[in-house]
Each structure stands twice: as C-alpha cells, then as structure tokens.
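Listing of my_file_39.cif; format and content: mmCIF, N, CA and C atoms.
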```
data_work
loop_
_atom_site.label_atom_id
_atom_site.label_comp_id
_atom_site.auth_asym_id
_atom_site.auth_seq_id
_atom_site.Cartn_x
_atom_site.Cartn_y
_atom_site.Cartn_z
N MET Z 1155 50.55 8.24 -17.28
CA MET Z 1155 49.20 7.74 -17.45
C MET Z 1155 48.93 6.66 -16.40
N LYS Z 1156 47.79 6.75 -15.79
CA LYS Z 1156 47.40 5.83 -14.73
C LYS Z 1156 46.85 4.53 -15.32
N LYS Z 1157 47.37 3.40 -14.84
CA LYS Z 1157 46.87 2.11 -15.31
C LYS Z 1157 45.68 1.70 -14.45
N THR Z 1158 44.65 1.25 -15.11
CA THR Z 1158 43.48 0.76 -14.38
C THR Z 1158 43.36 -0.73 -14.60
N LYS Z 1159 43.00 -1.40 -13.53
CA LYS Z 1159 42.81 -2.85 -13.62
C LYS Z 1159 41.51 -3.12 -14.34
N LYS Z 1160 41.58 -4.04 -15.27
CA LYS Z 1160 40.39 -4.44 -16.00
C LYS Z 1160 39.64 -5.47 -15.17
N LYS Z 1161 38.35 -5.19 -14.90
CA LYS Z 1161 37.53 -6.13 -14.15
C LYS Z 1161 37.14 -7.29 -15.05
N LYS Z 1162 37.31 -8.50 -14.51
CA LYS Z 1162 36.87 -9.67 -15.26
C LYS Z 1162 35.36 -9.81 -15.10
N ALA Z 1163 34.71 -10.08 -16.19
CA ALA Z 1163 33.26 -10.28 -16.14
C ALA Z 1163 32.95 -11.60 -15.45
N LEU Z 1164 31.90 -11.58 -14.64
CA LEU Z 1164 31.47 -12.81 -14.00
C LEU Z 1164 30.83 -13.70 -15.06
N PRO Z 1165 30.89 -15.02 -14.86
CA PRO Z 1165 30.30 -15.94 -15.84
C PRO Z 1165 28.79 -15.72 -15.98
N LYS Z 1166 28.28 -16.01 -17.17
CA LYS Z 1166 26.83 -15.92 -17.40
C LYS Z 1166 26.14 -16.90 -16.46
N ILE Z 1167 24.99 -16.50 -15.98
CA ILE Z 1167 24.24 -17.32 -15.02
C ILE Z 1167 23.22 -18.16 -15.76
N HIS Z 1168 23.28 -19.45 -15.54
CA HIS Z 1168 22.36 -20.42 -16.15
C HIS Z 1168 21.48 -21.00 -15.05
N CYS Z 1169 20.29 -20.44 -14.90
CA CYS Z 1169 19.40 -20.81 -13.80
C CYS Z 1169 19.07 -22.30 -13.75
N HIS Z 1170 19.00 -22.95 -14.91
CA HIS Z 1170 18.65 -24.37 -14.92
C HIS Z 1170 19.71 -25.22 -14.22
N LYS Z 1171 20.90 -24.66 -13.98
CA LYS Z 1171 21.95 -25.39 -13.28
C LYS Z 1171 21.91 -25.16 -11.77
N CYS Z 1172 21.03 -24.30 -11.31
CA CYS Z 1172 20.94 -23.95 -9.89
C CYS Z 1172 20.26 -25.07 -9.10
N GLU Z 1173 20.87 -25.43 -7.98
CA GLU Z 1173 20.28 -26.47 -7.12
C GLU Z 1173 19.19 -25.90 -6.22
N ASN Z 1174 19.14 -24.58 -6.09
CA ASN Z 1174 18.15 -23.91 -5.23
C ASN Z 1174 17.35 -22.91 -6.04
N GLN Z 1175 16.64 -23.40 -7.03
CA GLN Z 1175 15.97 -22.50 -7.98
C GLN Z 1175 14.91 -21.61 -7.35
N SER Z 1176 14.43 -21.94 -6.18
CA SER Z 1176 13.41 -21.09 -5.56
C SER Z 1176 14.02 -19.97 -4.70
N ASP Z 1177 15.33 -19.94 -4.56
CA ASP Z 1177 15.96 -18.87 -3.76
C ASP Z 1177 15.59 -17.49 -4.27
N CYS Z 1178 15.51 -17.34 -5.58
CA CYS Z 1178 15.21 -16.03 -6.16
C CYS Z 1178 13.75 -15.63 -5.94
N CYS Z 1179 12.93 -16.53 -5.43
CA CYS Z 1179 11.51 -16.26 -5.20
C CYS Z 1179 11.21 -15.93 -3.73
N ARG Z 1180 12.27 -15.82 -2.94
CA ARG Z 1180 12.09 -15.62 -1.50
C ARG Z 1180 11.34 -14.35 -1.12
N PHE Z 1181 11.37 -13.33 -1.97
CA PHE Z 1181 10.70 -12.07 -1.66
C PHE Z 1181 9.69 -11.66 -2.72
N GLY Z 1182 9.27 -12.57 -3.57
CA GLY Z 1182 8.31 -12.25 -4.61
C GLY Z 1182 8.93 -11.39 -5.70
N ALA Z 1183 8.09 -10.83 -6.55
CA ALA Z 1183 8.57 -10.03 -7.67
C ALA Z 1183 7.53 -8.99 -8.05
N TRP Z 1184 7.98 -7.97 -8.74
CA TRP Z 1184 7.07 -7.01 -9.36
C TRP Z 1184 6.82 -7.50 -10.78
N ILE Z 1185 5.55 -7.59 -11.16
CA ILE Z 1185 5.24 -8.03 -12.52
C ILE Z 1185 4.25 -7.06 -13.15
N ASP Z 1186 4.15 -7.10 -14.47
CA ASP Z 1186 3.24 -6.23 -15.20
C ASP Z 1186 1.79 -6.63 -14.92
N LEU Z 1187 0.94 -5.64 -14.79
CA LEU Z 1187 -0.48 -5.88 -14.50
C LEU Z 1187 -1.13 -6.79 -15.54
N GLU Z 1188 -0.79 -6.64 -16.81
CA GLU Z 1188 -1.38 -7.48 -17.85
C GLU Z 1188 -0.99 -8.95 -17.68
N GLU Z 1189 0.24 -9.19 -17.24
CA GLU Z 1189 0.67 -10.58 -16.97
C GLU Z 1189 -0.14 -11.15 -15.81
N ALA Z 1190 -0.37 -10.33 -14.79
CA ALA Z 1190 -1.16 -10.76 -13.63
C ALA Z 1190 -2.58 -11.14 -14.06
N LYS Z 1191 -3.16 -10.35 -14.95
CA LYS Z 1191 -4.52 -10.65 -15.43
C LYS Z 1191 -4.56 -12.00 -16.14
N LYS Z 1192 -3.54 -12.31 -16.92
CA LYS Z 1192 -3.50 -13.61 -17.63
C LYS Z 1192 -3.38 -14.77 -16.64
N ILE Z 1193 -2.59 -14.57 -15.59
CA ILE Z 1193 -2.43 -15.62 -14.57
C ILE Z 1193 -3.75 -15.83 -13.84
N ILE Z 1194 -4.44 -14.75 -13.50
CA ILE Z 1194 -5.74 -14.86 -12.83
C ILE Z 1194 -6.73 -15.57 -13.75
N SER Z 1195 -6.75 -15.19 -15.03
CA SER Z 1195 -7.67 -15.82 -16.00
C SER Z 1195 -7.43 -17.31 -16.14
N ALA Z 1196 -6.19 -17.73 -15.98
CA ALA Z 1196 -5.85 -19.15 -16.09
C ALA Z 1196 -6.29 -19.93 -14.86
N GLY Z 1197 -6.66 -19.21 -13.79
CA GLY Z 1197 -7.14 -19.88 -12.57
C GLY Z 1197 -6.04 -20.43 -11.68
N ILE Z 1198 -4.84 -19.91 -11.84
CA ILE Z 1198 -3.71 -20.38 -11.02
C ILE Z 1198 -3.85 -19.79 -9.62
N LYS Z 1199 -3.74 -20.64 -8.60
CA LYS Z 1199 -3.92 -20.23 -7.21
C LYS Z 1199 -2.83 -19.24 -6.80
N GLY Z 1200 -3.25 -18.09 -6.27
CA GLY Z 1200 -2.33 -17.07 -5.80
C GLY Z 1200 -2.99 -15.71 -5.83
N ASP Z 1201 -2.35 -14.72 -5.24
CA ASP Z 1201 -2.89 -13.36 -5.18
C ASP Z 1201 -1.83 -12.36 -5.62
N PHE Z 1202 -2.28 -11.14 -5.87
CA PHE Z 1202 -1.37 -10.04 -6.21
C PHE Z 1202 -1.59 -8.91 -5.23
N PHE Z 1203 -0.54 -8.13 -4.99
CA PHE Z 1203 -0.58 -7.09 -3.97
C PHE Z 1203 0.06 -5.81 -4.49
N HIS Z 1204 -0.30 -4.69 -3.89
CA HIS Z 1204 0.38 -3.41 -4.10
C HIS Z 1204 0.37 -2.94 -5.56
N LEU Z 1205 -0.79 -2.72 -6.13
CA LEU Z 1205 -0.87 -2.17 -7.48
C LEU Z 1205 -0.25 -0.77 -7.46
N GLU Z 1206 0.70 -0.53 -8.36
CA GLU Z 1206 1.38 0.76 -8.43
C GLU Z 1206 1.56 1.19 -9.87
N ILE Z 1207 1.56 2.49 -10.08
CA ILE Z 1207 1.89 3.05 -11.39
C ILE Z 1207 3.39 2.92 -11.57
N ASP Z 1208 3.81 2.39 -12.71
CA ASP Z 1208 5.24 2.28 -13.03
C ASP Z 1208 5.38 2.25 -14.55
N LYS Z 1209 5.80 3.35 -15.10
CA LYS Z 1209 5.89 3.49 -16.55
C LYS Z 1209 6.97 2.62 -17.18
N THR Z 1210 7.82 1.98 -16.37
CA THR Z 1210 8.82 1.08 -16.94
C THR Z 1210 8.22 -0.28 -17.31
N PHE Z 1211 7.00 -0.54 -16.85
CA PHE Z 1211 6.30 -1.77 -17.21
C PHE Z 1211 5.41 -1.49 -18.42
N PRO Z 1212 5.26 -2.46 -19.31
CA PRO Z 1212 4.50 -2.23 -20.56
C PRO Z 1212 3.10 -1.65 -20.37
N SER Z 1213 2.37 -2.11 -19.36
CA SER Z 1213 1.01 -1.60 -19.14
C SER Z 1213 1.00 -0.28 -18.39
N GLY Z 1214 2.14 0.09 -17.81
CA GLY Z 1214 2.21 1.29 -16.99
C GLY Z 1214 1.90 1.04 -15.53
N PHE Z 1215 1.62 -0.25 -15.21
CA PHE Z 1215 1.31 -0.64 -13.83
C PHE Z 1215 2.06 -1.91 -13.47
N LYS Z 1216 2.38 -2.04 -12.19
CA LYS Z 1216 3.01 -3.26 -11.69
C LYS Z 1216 2.26 -3.73 -10.44
N VAL Z 1217 2.33 -5.02 -10.19
CA VAL Z 1217 1.77 -5.61 -8.98
C VAL Z 1217 2.80 -6.55 -8.38
N GLY Z 1218 2.73 -6.71 -7.06
CA GLY Z 1218 3.66 -7.59 -6.37
C GLY Z 1218 3.10 -8.98 -6.18
N THR Z 1219 4.00 -9.95 -6.07
CA THR Z 1219 3.58 -11.33 -5.85
C THR Z 1219 3.83 -11.77 -4.41
N SER Z 1220 4.06 -10.80 -3.53
CA SER Z 1220 4.23 -11.12 -2.11
C SER Z 1220 3.91 -9.89 -1.27
N ILE Z 1221 3.71 -10.12 0.01
CA ILE Z 1221 3.51 -9.04 0.98
C ILE Z 1221 4.79 -8.91 1.78
N GLU Z 1222 5.29 -7.67 1.87
CA GLU Z 1222 6.51 -7.38 2.63
C GLU Z 1222 7.65 -8.29 2.16
N ASP Z 1223 8.29 -8.98 3.10
CA ASP Z 1223 9.44 -9.84 2.77
C ASP Z 1223 9.07 -11.32 2.74
N ASN Z 1224 7.85 -11.62 2.39
CA ASN Z 1224 7.40 -13.01 2.30
C ASN Z 1224 7.72 -13.57 0.92
N PRO Z 1225 7.77 -14.90 0.83
CA PRO Z 1225 8.03 -15.53 -0.48
C PRO Z 1225 6.90 -15.26 -1.47
N CYS Z 1226 7.18 -15.46 -2.72
CA CYS Z 1226 6.19 -15.33 -3.78
C CYS Z 1226 5.02 -16.26 -3.49
N VAL Z 1227 3.80 -15.76 -3.67
CA VAL Z 1227 2.61 -16.57 -3.39
C VAL Z 1227 2.44 -17.72 -4.37
N PHE Z 1228 3.16 -17.69 -5.48
CA PHE Z 1228 3.06 -18.76 -6.47
C PHE Z 1228 4.09 -19.87 -6.25
N LEU Z 1229 4.86 -19.75 -5.18
CA LEU Z 1229 5.86 -20.76 -4.87
C LEU Z 1229 5.18 -21.92 -4.14
N ASP Z 1230 5.27 -23.11 -4.72
CA ASP Z 1230 4.69 -24.32 -4.11
C ASP Z 1230 5.53 -24.78 -2.93
N PRO Z 1231 4.95 -25.60 -2.06
CA PRO Z 1231 5.74 -26.16 -0.96
C PRO Z 1231 6.96 -26.96 -1.44
N ASP Z 1232 6.87 -27.48 -2.68
CA ASP Z 1232 7.99 -28.24 -3.23
C ASP Z 1232 9.07 -27.33 -3.83
N GLY Z 1233 8.88 -26.00 -3.70
CA GLY Z 1233 9.89 -25.05 -4.17
C GLY Z 1233 9.81 -24.73 -5.65
N LEU Z 1234 8.71 -25.08 -6.29
CA LEU Z 1234 8.55 -24.80 -7.71
C LEU Z 1234 7.46 -23.76 -7.93
N CYS Z 1235 7.53 -23.08 -9.04
CA CYS Z 1235 6.58 -22.02 -9.38
C CYS Z 1235 5.31 -22.62 -9.97
N ARG Z 1236 4.17 -22.28 -9.37
CA ARG Z 1236 2.89 -22.78 -9.88
C ARG Z 1236 2.62 -22.28 -11.30
N VAL Z 1237 3.01 -21.04 -11.58
CA VAL Z 1237 2.78 -20.48 -12.91
C VAL Z 1237 3.62 -21.24 -13.94
N HIS Z 1238 4.89 -21.44 -13.61
CA HIS Z 1238 5.82 -22.16 -14.50
C HIS Z 1238 5.30 -23.58 -14.76
N LYS Z 1239 4.84 -24.24 -13.71
CA LYS Z 1239 4.34 -25.60 -13.85
C LYS Z 1239 3.08 -25.66 -14.70
N PHE Z 1240 2.23 -24.64 -14.61
CA PHE Z 1240 0.97 -24.60 -15.35
C PHE Z 1240 1.24 -24.33 -16.83
N ASP Z 1241 2.02 -23.27 -17.11
CA ASP Z 1241 2.30 -22.90 -18.50
C ASP Z 1241 3.44 -21.89 -18.50
N TYR Z 1242 4.60 -22.32 -18.95
CA TYR Z 1242 5.78 -21.44 -18.93
C TYR Z 1242 5.52 -20.13 -19.68
N ALA Z 1243 4.66 -20.14 -20.68
CA ALA Z 1243 4.35 -18.93 -21.45
C ALA Z 1243 3.70 -17.86 -20.56
N LEU Z 1244 3.05 -18.28 -19.48
CA LEU Z 1244 2.41 -17.32 -18.56
C LEU Z 1244 3.37 -16.78 -17.50
N LYS Z 1245 4.53 -17.38 -17.39
CA LYS Z 1245 5.49 -16.93 -16.37
C LYS Z 1245 5.89 -15.49 -16.68
N PRO Z 1246 5.80 -14.59 -15.69
CA PRO Z 1246 6.11 -13.18 -15.93
C PRO Z 1246 7.54 -12.96 -16.44
N VAL Z 1247 7.70 -11.96 -17.29
CA VAL Z 1247 9.00 -11.63 -17.87
C VAL Z 1247 10.03 -11.36 -16.78
N THR Z 1248 9.63 -10.64 -15.74
CA THR Z 1248 10.54 -10.35 -14.62
C THR Z 1248 11.14 -11.64 -14.06
N CYS Z 1249 10.32 -12.65 -13.92
CA CYS Z 1249 10.76 -13.93 -13.35
C CYS Z 1249 11.63 -14.70 -14.35
N LYS Z 1250 11.24 -14.68 -15.61
CA LYS Z 1250 12.02 -15.38 -16.64
C LYS Z 1250 13.42 -14.79 -16.78
N GLU Z 1251 13.52 -13.48 -16.68
CA GLU Z 1251 14.80 -12.80 -16.92
C GLU Z 1251 15.72 -12.73 -15.71
N PHE Z 1252 15.18 -12.89 -14.51
CA PHE Z 1252 16.03 -12.78 -13.32
C PHE Z 1252 17.12 -13.82 -13.39
N PRO Z 1253 18.35 -13.47 -13.05
CA PRO Z 1253 18.84 -12.33 -12.27
C PRO Z 1253 19.20 -11.10 -13.10
N TYR Z 1254 18.67 -11.00 -14.31
CA TYR Z 1254 18.95 -9.83 -15.14
C TYR Z 1254 17.74 -8.92 -15.19
N GLU Z 1255 17.98 -7.62 -15.30
CA GLU Z 1255 16.94 -6.61 -15.49
C GLU Z 1255 17.44 -5.68 -16.58
N ASP Z 1256 16.67 -5.53 -17.62
CA ASP Z 1256 17.06 -4.66 -18.73
C ASP Z 1256 18.44 -5.01 -19.29
N GLY Z 1257 18.74 -6.31 -19.34
CA GLY Z 1257 19.99 -6.78 -19.92
C GLY Z 1257 21.20 -6.67 -19.00
N LYS Z 1258 21.01 -6.16 -17.78
CA LYS Z 1258 22.12 -6.03 -16.82
C LYS Z 1258 21.80 -6.86 -15.58
N LEU Z 1259 22.84 -7.23 -14.88
CA LEU Z 1259 22.66 -7.99 -13.65
C LEU Z 1259 21.86 -7.15 -12.65
N SER Z 1260 20.83 -7.72 -12.08
CA SER Z 1260 19.96 -7.03 -11.13
C SER Z 1260 20.73 -6.68 -9.85
N SER Z 1261 20.33 -5.59 -9.24
CA SER Z 1261 20.94 -5.20 -7.96
C SER Z 1261 20.59 -6.21 -6.86
N PHE Z 1262 19.56 -7.02 -7.08
CA PHE Z 1262 19.16 -8.03 -6.10
C PHE Z 1262 19.86 -9.37 -6.31
N ALA Z 1263 20.62 -9.51 -7.36
CA ALA Z 1263 21.27 -10.79 -7.67
C ALA Z 1263 22.20 -11.24 -6.55
N GLY Z 1264 22.90 -10.30 -5.94
CA GLY Z 1264 23.82 -10.65 -4.86
C GLY Z 1264 23.13 -11.17 -3.61
N VAL Z 1265 21.83 -10.90 -3.50
CA VAL Z 1265 21.06 -11.35 -2.35
C VAL Z 1265 20.25 -12.60 -2.67
N LEU Z 1266 19.64 -12.63 -3.85
CA LEU Z 1266 18.68 -13.68 -4.17
C LEU Z 1266 19.17 -14.79 -5.09
N CYS Z 1267 20.25 -14.56 -5.82
CA CYS Z 1267 20.69 -15.54 -6.80
C CYS Z 1267 21.86 -16.38 -6.26
N THR Z 1268 21.58 -17.63 -6.00
CA THR Z 1268 22.58 -18.54 -5.45
C THR Z 1268 23.78 -18.68 -6.38
N LEU Z 1269 23.55 -18.83 -7.67
CA LEU Z 1269 24.66 -19.00 -8.61
C LEU Z 1269 25.54 -17.75 -8.67
N HIS Z 1270 24.93 -16.58 -8.65
CA HIS Z 1270 25.71 -15.34 -8.67
C HIS Z 1270 26.55 -15.21 -7.40
N LYS Z 1271 25.95 -15.53 -6.25
CA LYS Z 1271 26.70 -15.47 -4.99
C LYS Z 1271 27.89 -16.43 -5.03
N ASN Z 1272 27.68 -17.63 -5.59
CA ASN Z 1272 28.77 -18.60 -5.71
C ASN Z 1272 29.86 -18.08 -6.64
N ASN Z 1273 29.47 -17.45 -7.74
CA ASN Z 1273 30.45 -16.88 -8.67
C ASN Z 1273 31.28 -15.79 -8.00
N ILE Z 1274 30.65 -14.97 -7.18
CA ILE Z 1274 31.37 -13.92 -6.46
C ILE Z 1274 32.39 -14.54 -5.50
N ARG Z 1275 31.96 -15.55 -4.76
CA ARG Z 1275 32.87 -16.22 -3.82
C ARG Z 1275 34.08 -16.81 -4.54
N LYS Z 1276 33.83 -17.48 -5.67
CA LYS Z 1276 34.92 -18.08 -6.44
C LYS Z 1276 35.89 -17.01 -6.94
N ALA Z 1277 35.35 -15.89 -7.41
CA ALA Z 1277 36.19 -14.79 -7.91
C ALA Z 1277 37.04 -14.21 -6.79
N ARG Z 1278 36.46 -14.08 -5.60
CA ARG Z 1278 37.23 -13.56 -4.45
C ARG Z 1278 38.35 -14.51 -4.06
N LYS Z 1279 38.07 -15.81 -4.10
CA LYS Z 1279 39.10 -16.80 -3.76
C LYS Z 1279 40.25 -16.75 -4.76
N ARG Z 1280 39.92 -16.60 -6.04
CA ARG Z 1280 40.97 -16.51 -7.07
C ARG Z 1280 41.84 -15.28 -6.85
N ARG Z 1281 41.20 -14.16 -6.51
CA ARG Z 1281 41.96 -12.92 -6.28
C ARG Z 1281 42.83 -13.00 -5.03
N ALA Z 1282 42.39 -13.79 -4.04
CA ALA Z 1282 43.12 -13.91 -2.80
C ALA Z 1282 44.39 -14.75 -2.95
N ARG Z 1283 44.47 -15.52 -4.01
CA ARG Z 1283 45.63 -16.40 -4.22
C ARG Z 1283 46.85 -15.64 -4.62
#
```
As structure tokens, how would this structure be written, given the file I've shared?
Amino acid sequence: MKKTKKKKALPKIHCHKCENQSDCCRFGAWIDLEEAKKIISAGIKGDFFHLEIDKTFPSGFKVGTSIEDNPCVFLDPDGLCRVHKFDYALKPVTCKEFPYEDGKLSSFAGVLCTLHKNNIRKARKRRAR
C-alpha cells in the first residue's frame, strides 16, 4: 500500500490582522447587481463596470468594481474601502468573504492576499528545514 503525505492545512486567515488590507482590492471584485444598486442608492462615490449574466450570483447578474487590472473604484487614497467606511452592512459579500469563495480559499488568494502569501512562505520554510 502506498503511503501518502498528509497536507497540513494552512492557518485560517484573519483579515483584521493584515497590515496591507487594501492589497486584496488591487483588481476590484465581481459583486451582485442588487448589492451594487444599494451602494448607488446610498450615494457612495464610485462606478460599476461590465454587467454580466452569472447564475452563481443571487440576482443572476454581476458587475465589476474596476476596469481591467485597475484597483477597485471604492478604494480611497488612504487604502480604505469607501463602502466599508460608510456602512459595513453595504459591503458586498464577495469583499466580506475574501480570501474565501464558497467556503474554500479563492484561487486569487495567492496573488491578492498578503496574509495567505505569508502563510505559504512560512510553510515552505518549515518544509525546507
């Protein structure tokens, strides 16, 4: 019988401990159309782009918070989210849950999540010993 190495799970990511909390906003996000409507109704400065049909979103539609590879339009110059600052309840689910998607680590976590990248580096160093 072949022995398989058991992969150690990476530590849970606690965003409030991140020193670079805006790193995950570098390329914007896809959010549900209904969430976008609430943000617009609240009068929060920003725009939405690329309306698309996507049945994985509750309304069946998603919109982007950035154009191409630009940062999220709701990111303030101070690196904080305008939506979050206005009313955390309006912050889109996608943003609240990142770096997780559907209960699993997002495929973008290795690129956008500083804490996840640090956890990977630490795990590699431990294995190298």
Which one is closest to Leu1205 (chain Z): Z:Glu1222, Z:Cys1178, Z:Leu1187, Z:Ala1282? Count all atoms listed in the file.
->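 Of the candidates, the smallest distance to Leu1205 (chain Z) is held by Z:Leu1187.
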Enumerate as a PyMOL selection string all residues of region 1192-1259 of chain Z assigned to strand (DSSP E) by DSSP on the backbone, naming them with the chain letters and numbers the document uses.
-> chain Z and resi 1203-1207+1215-1218+1254-1255+1258-1259
Those residues you just picked out, can you put them in a file as a JSON list (two decimals), keeping the file's coordinate frame with N, CA and C atoms?
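Result written to again-v7.json:
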```
[["chain", "number", "residue", "atom", "x", "y", "z"],
["Z", 1203, "PHE", "N", -0.54, -8.13, -4.99],
["Z", 1203, "PHE", "CA", -0.58, -7.09, -3.97],
["Z", 1203, "PHE", "C", 0.06, -5.81, -4.49],
["Z", 1204, "HIS", "N", -0.30, -4.69, -3.89],
["Z", 1204, "HIS", "CA", 0.38, -3.41, -4.10],
["Z", 1204, "HIS", "C", 0.37, -2.94, -5.56],
["Z", 1205, "LEU", "N", -0.79, -2.72, -6.13],
["Z", 1205, "LEU", "CA", -0.87, -2.17, -7.48],
["Z", 1205, "LEU", "C", -0.25, -0.77, -7.46],
["Z", 1206, "GLU", "N", 0.70, -0.53, -8.36],
["Z", 1206, "GLU", "CA", 1.38, 0.76, -8.43],
["Z", 1206, "GLU", "C", 1.56, 1.19, -9.87],
["Z", 1207, "ILE", "N", 1.56, 2.49, -10.08],
["Z", 1207, "ILE", "CA", 1.89, 3.05, -11.39],
["Z", 1207, "ILE", "C", 3.39, 2.92, -11.57],
["Z", 1215, "PHE", "N", 1.62, -0.25, -15.21],
["Z", 1215, "PHE", "CA", 1.31, -0.64, -13.83],
["Z", 1215, "PHE", "C", 2.06, -1.91, -13.47],
["Z", 1216, "LYS", "N", 2.38, -2.04, -12.19],
["Z", 1216, "LYS", "CA", 3.01, -3.26, -11.69],
["Z", 1216, "LYS", "C", 2.26, -3.73, -10.44],
["Z", 1217, "VAL", "N", 2.33, -5.02, -10.19],
["Z", 1217, "VAL", "CA", 1.77, -5.61, -8.98],
["Z", 1217, "VAL", "C", 2.80, -6.55, -8.38],
["Z", 1218, "GLY", "N", 2.73, -6.71, -7.06],
["Z", 1218, "GLY", "CA", 3.66, -7.59, -6.37],
["Z", 1218, "GLY", "C", 3.10, -8.98, -6.18],
["Z", 1254, "TYR", "N", 18.67, -11.00, -14.31],
["Z", 1254, "TYR", "CA", 18.95, -9.83, -15.14],
["Z", 1254, "TYR", "C", 17.74, -8.92, -15.19],
["Z", 1255, "GLU", "N", 17.98, -7.62, -15.30],
["Z", 1255, "GLU", "CA", 16.94, -6.61, -15.49],
["Z", 1255, "GLU", "C", 17.44, -5.68, -16.58],
["Z", 1258, "LYS", "N", 21.01, -6.16, -17.78],
["Z", 1258, "LYS", "CA", 22.12, -6.03, -16.82],
["Z", 1258, "LYS", "C", 21.80, -6.86, -15.58],
["Z", 1259, "LEU", "N", 22.84, -7.23, -14.88],
["Z", 1259, "LEU", "CA", 22.66, -7.99, -13.65],
["Z", 1259, "LEU", "C", 21.86, -7.15, -12.65]]
```
If we count only N, CA and C atoms, what is near Phe1202 (chain Z) at a cut-off of 7 Å, once residues fewer than 3 positions away on the same chain are taken out, given as number ranges by chain?
-> Z: 1205, 1217-1220
Of Z:Lys1276, Z:Arg1180, Z:Lys1271, Z:Lys1192, the one nearest to Pro1225 (chain Z) when counting only N, CA and C atoms is Z:Arg1180
Expressed in Å to a single decimal, how great is the separation between atom C of Lys1199 (chain Z) and CA of Cys1179 (chain Z)?
->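 The value is 14.7 Å.
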So how many Å separate atom N of Val1237 (chain Z) and CA of Glu1189 (chain Z), to one decimal?
->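 A separation of 12.0 Å between them.
Here CA of Gly1214 (chain Z) and CA of Glu1188 (chain Z) stand 9.5 Å from one another.
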With distances taken over only N, CA and C atoms, which of Z:Lys1216, Z:Ile1198, Z:Phe1211, Z:Cys1235 is nearest to Ser1176 (chain Z)?
->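 For Ser1176 (chain Z), the nearest of the given residues is Z:Cys1235.
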Grab all the atoms of region 1201-1216 of chain Z that the file lists, wrap them in a box along x, y and z, add 6 Å per side, and give me centre plus edge lengths in Å (one decimal) as lines of an AutoDock Vina configuration file.
```
center_x = 3.0
center_y = -5.6
center_z = -12.2
size_x = 23.7
size_y = 30.2
size_z = 28.7
```
Pick the closest to Gly1182 (chain Z) from Z:Ile1221, Z:Phe1252, Z:Gly1197, Z:Asp1208: which is it, counting all atoms listed in the file?
->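 For Gly1182 (chain Z), the nearest of the candidates is Z:Ile1221.
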When the PyMOL selection byres (((chain Z and resi 1245 and name CA) around 12) and name CA) is applied to the file above, which residues end up in the set, as number ranges by chain?
-> Z: 1183, 1185-1186, 1188-1194, 1196, 1198, 1228, 1235-1244, 1246-1252
